[in-house]
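Trainee: Handing you this structure, nothing more for now.
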Amino acid sequence: MKKSILLLASAGFLFTACQNFKKAEGGLEYKIAKDAGADKAVSGDLLSVDMVVKTDRDSLLNSTYDAGIPQIVQLYPDSIIKQNPGDPTGLFKFVGEGDSLVFKIDLDSVAAKTQQPKPAFADKYIIYTLKVQKHFKKGKLTDQQLGEQVTKYFEEQTAKLKGAEAGKVEAYLKNNKLEPKKTASGLQYVITKQGTGKNAVVGDTVVVNYIGKLTNEKVFDTNQADLAKKHKVFNPQRPYEALRLHLGVDGVITGWTEAFQLLNKGSKATLVIPSALAYGERNAGQIPPYAPLVFDVEVVDIIPGKAPAAAPTTIPATTTAPATTTTPVKK
């Protein structure tokens, strides 16, 4: 379960007032933002928590609210916690269902312990705010029984996301005053600039610019550096250039393969893609399960090609890019 500790330590949370923080073992600073009066977690218990992580510059690093699914953390025995002084896992014994906890990671201390340079995105602290949504008590349960409770809980959470998808699409279209065309598959699109020439077909290479976001306007990817910096998704290790997409050959989400066959050179469009044509029930990076996706795209060029002999016209959603990336483009 060390992985969950590392995941938590790499997340980021909502900054609240820094006053009245207490010192825990190892120098970790924390405070209980809300005590709902419920039973507190003990060794072996699991907590489902929503977390928001921010820097002391008030920059958002991560949020489970954006992902739509809480995260499970475990309270370890004191014997394990004491081996890692300052590990935030030890703070879970102070909270139970309905409680809220805030703690700060001192980056100077982390840099000294790890002998790694301090990250440049914060001055001194990363601030975590978490709310306990569900307390799974180990008690006399076997690991299997406890795991079954957690599995059922997440199935319920995922079902809520599935049920909310249509409403998210409807609200997005209404808020942005869009009146899109809709294909038989459920893809919706608005051509904001009409191009010239023939539409792209399977076998062609489409050269495109794009920005992708959720229906809550949260941007998760773009191939344009200025937009990546603006929306705080810039990655200095990736190239920012027009994407070359070989339709029907390169593995992309189904919605993209269909959409670009509706566009010609020079056209711009807004695509609203249902999860069935994207990542479906999968959690893909910043994209939660059953998330409809919105793309603003521009077709820079279409290079005629030859359709592959046995290639399908669409790529099944199960063969999209791996969950380590949120980009619905080439593998």
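Each chain of the structure tokens is named A, B, ... in the order shown, its residues numbered from 1; ligands are numbered from 1 in display order.
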If we count only C-alpha atoms, what is near Ala159 (chain A) at a cut-off of 12 Å, once residues fewer than 2 positions away on the same chain are taken out, given as a PyMOL selection string?
Mentor: chain A and resi 68-69+152-157+161-165+280-281+289-291
Trainee: For the selection you just gave me, I'd like the residues written to a file as a PDB file, in the first residue's frame, keeping N, CA, C and O atoms.
Mentor:
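Written file, again.pdb:
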ATOM      1  N   GLY A  68     -13.856  13.522 -10.556  1.00  0.00           N
ATOM      2  CA  GLY A  68     -15.190  12.987 -10.333  1.00  0.00           C
ATOM      3  C   GLY A  68     -15.238  11.748  -9.457  1.00  0.00           C
ATOM      4  O   GLY A  68     -16.310  11.223  -9.169  1.00  0.00           O
ATOM      5  N   ILE A  69     -14.079  11.254  -9.031  1.00  0.00           N
ATOM      6  CA  ILE A  69     -14.009  10.037  -8.221  1.00  0.00           C
ATOM      7  C   ILE A  69     -13.083  10.291  -7.037  1.00  0.00           C
ATOM      8  O   ILE A  69     -11.952  10.756  -7.214  1.00  0.00           O
ATOM      9  N   LYS A 152     -17.970  -2.091  -4.184  1.00  0.00           N
ATOM     10  CA  LYS A 152     -19.379  -1.715  -4.319  1.00  0.00           C
ATOM     11  C   LYS A 152     -19.540  -0.204  -4.266  1.00  0.00           C
ATOM     12  O   LYS A 152     -20.308   0.392  -5.044  1.00  0.00           O
ATOM     13  N   TYR A 153     -18.807   0.431  -3.378  1.00  0.00           N
ATOM     14  CA  TYR A 153     -18.876   1.886  -3.231  1.00  0.00           C
ATOM     15  C   TYR A 153     -18.470   2.580  -4.528  1.00  0.00           C
ATOM     16  O   TYR A 153     -19.154   3.495  -5.002  1.00  0.00           O
ATOM     17  N   PHE A 154     -17.362   2.142  -5.126  1.00  0.00           N
ATOM     18  CA  PHE A 154     -16.895   2.793  -6.351  1.00  0.00           C
ATOM     19  C   PHE A 154     -17.784   2.476  -7.543  1.00  0.00           C
ATOM     20  O   PHE A 154     -17.910   3.290  -8.456  1.00  0.00           O
ATOM     21  N   GLU A 155     -18.407   1.322  -7.537  1.00  0.00           N
ATOM     22  CA  GLU A 155     -19.381   1.023  -8.586  1.00  0.00           C
ATOM     23  C   GLU A 155     -20.548   2.006  -8.504  1.00  0.00           C
ATOM     24  O   GLU A 155     -21.058   2.472  -9.528  1.00  0.00           O
ATOM     25  N   GLU A 156     -20.962   2.339  -7.272  1.00  0.00           N
ATOM     26  CA  GLU A 156     -22.041   3.306  -7.079  1.00  0.00           C
ATOM     27  C   GLU A 156     -21.616   4.696  -7.527  1.00  0.00           C
ATOM     28  O   GLU A 156     -22.392   5.431  -8.153  1.00  0.00           O
ATOM     29  N   GLN A 157     -20.361   5.068  -7.214  1.00  0.00           N
ATOM     30  CA  GLN A 157     -19.858   6.381  -7.616  1.00  0.00           C
ATOM     31  C   GLN A 157     -19.784   6.493  -9.141  1.00  0.00           C
ATOM     32  O   GLN A 157     -20.144   7.521  -9.727  1.00  0.00           O
ATOM     33  N   LEU A 161     -21.777   8.970 -12.100  1.00  0.00           N
ATOM     34  CA  LEU A 161     -21.168   9.704 -13.205  1.00  0.00           C
ATOM     35  C   LEU A 161     -21.839   9.359 -14.530  1.00  0.00           C
ATOM     36  O   LEU A 161     -22.078  10.238 -15.363  1.00  0.00           O
ATOM     37  N   LYS A 162     -22.141   8.075 -14.711  1.00  0.00           N
ATOM     38  CA  LYS A 162     -22.812   7.648 -15.943  1.00  0.00           C
ATOM     39  C   LYS A 162     -24.172   8.315 -16.077  1.00  0.00           C
ATOM     40  O   LYS A 162     -24.543   8.801 -17.150  1.00  0.00           O
ATOM     41  N   GLY A 163     -24.906   8.365 -14.969  1.00  0.00           N
ATOM     42  CA  GLY A 163     -26.226   8.961 -14.998  1.00  0.00           C
ATOM     43  C   GLY A 163     -26.207  10.459 -15.216  1.00  0.00           C
ATOM     44  O   GLY A 163     -27.190  11.034 -15.692  1.00  0.00           O
ATOM     45  N   ALA A 164     -25.080  11.098 -14.872  1.00  0.00           N
ATOM     46  CA  ALA A 164     -24.985  12.557 -14.979  1.00  0.00           C
ATOM     47  C   ALA A 164     -24.480  13.025 -16.342  1.00  0.00           C
ATOM     48  O   ALA A 164     -24.503  14.229 -16.629  1.00  0.00           O
ATOM     49  N   GLU A 165     -24.032  12.106 -17.186  1.00  0.00           N
ATOM     50  CA  GLU A 165     -23.383  12.514 -18.434  1.00  0.00           C
ATOM     51  C   GLU A 165     -24.285  13.341 -19.343  1.00  0.00           C
ATOM     52  O   GLU A 165     -23.886  14.400 -19.838  1.00  0.00           O
ATOM     53  N   GLY A 280     -15.141   6.044 -22.290  1.00  0.00           N
ATOM     54  CA  GLY A 280     -16.140   5.203 -21.657  1.00  0.00           C
ATOM     55  C   GLY A 280     -16.038   5.188 -20.146  1.00  0.00           C
ATOM     56  O   GLY A 280     -15.929   6.228 -19.502  1.00  0.00           O
ATOM     57  N   GLU A 281     -16.048   3.997 -19.575  1.00  0.00           N
ATOM     58  CA  GLU A 281     -16.012   3.838 -18.119  1.00  0.00           C
ATOM     59  C   GLU A 281     -14.611   3.947 -17.542  1.00  0.00           C
ATOM     60  O   GLU A 281     -14.427   3.895 -16.331  1.00  0.00           O
ATOM     61  N   PRO A 289     -14.280   8.662 -15.467  1.00  0.00           N
ATOM     62  CA  PRO A 289     -15.176   7.748 -16.184  1.00  0.00           C
ATOM     63  C   PRO A 289     -16.433   8.468 -16.663  1.00  0.00           C
ATOM     64  O   PRO A 289     -16.903   9.409 -16.023  1.00  0.00           O
ATOM     65  N   TYR A 290     -16.948   8.017 -17.784  1.00  0.00           N
ATOM     66  CA  TYR A 290     -18.188   8.537 -18.360  1.00  0.00           C
ATOM     67  C   TYR A 290     -18.149  10.059 -18.532  1.00  0.00           C
ATOM     68  O   TYR A 290     -19.130  10.758 -18.260  1.00  0.00           O
ATOM     69  N   ALA A 291     -17.009  10.537 -19.003  1.00  0.00           N
ATOM     70  CA  ALA A 291     -16.851  11.982 -19.197  1.00  0.00           C
ATOM     71  C   ALA A 291     -17.044  12.338 -20.665  1.00  0.00           C
ATOM     72  O   ALA A 291     -16.303  11.865 -21.533  1.00  0.00           O
TER      73      ALA A 291
END
Trainee: Would you pick out the contacts of region 200-212 of chain A at 6 Å or less, using only C-alpha atoms, so that residues sharing its chain but fewer than 5 positions from it are not included, and give the list as JSON, numbers by chain?
Mentor: {"A": [219, 220, 221, 222, 242, 243, 244, 245, 246, 247, 248, 261, 264, 294, 295, 296, 297, 298, 299, 300, 301, 302, 303, 304, 305, 306, 307]}
Trainee: Please identify the alpha helix (DSSP H) residues within region 14-187 of chain A (assignment by DSSP from backbone atoms) and present them as a VMD selection string.
Mentor: chain A and resid 64 to 67 78 to 81 107 to 114 143 to 175
Trainee: Which residue gives the smallest distance to Pro70 (chain A) among A:Ala112, A:Ile32, A:Val150, A:Leu141, with only C-alpha atoms counted?
Mentor: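 Ranking A:Ala112, A:Ile32, A:Val150, A:Leu141 by distance to Pro70 (chain A), first place goes to A:Val150.
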Trainee: Counting only C-alpha atoms, which of A:Val249, A:Ala228, A:Ile127, A:Ala278 gets nearest to Asp56 (chain A)?
Mentor: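 Checking each candidate against Asp56 (chain A), we get A:Ile127 as the closest.
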Trainee: Considering only C-alpha atoms, can you say which of A:Lys213, A:Lys34, A:Lys40, A:Lys124 comes closest to Asp58 (chain A)?
Mentor: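 Ranked by minimum distance to Asp58 (chain A), first place goes to A:Lys124.
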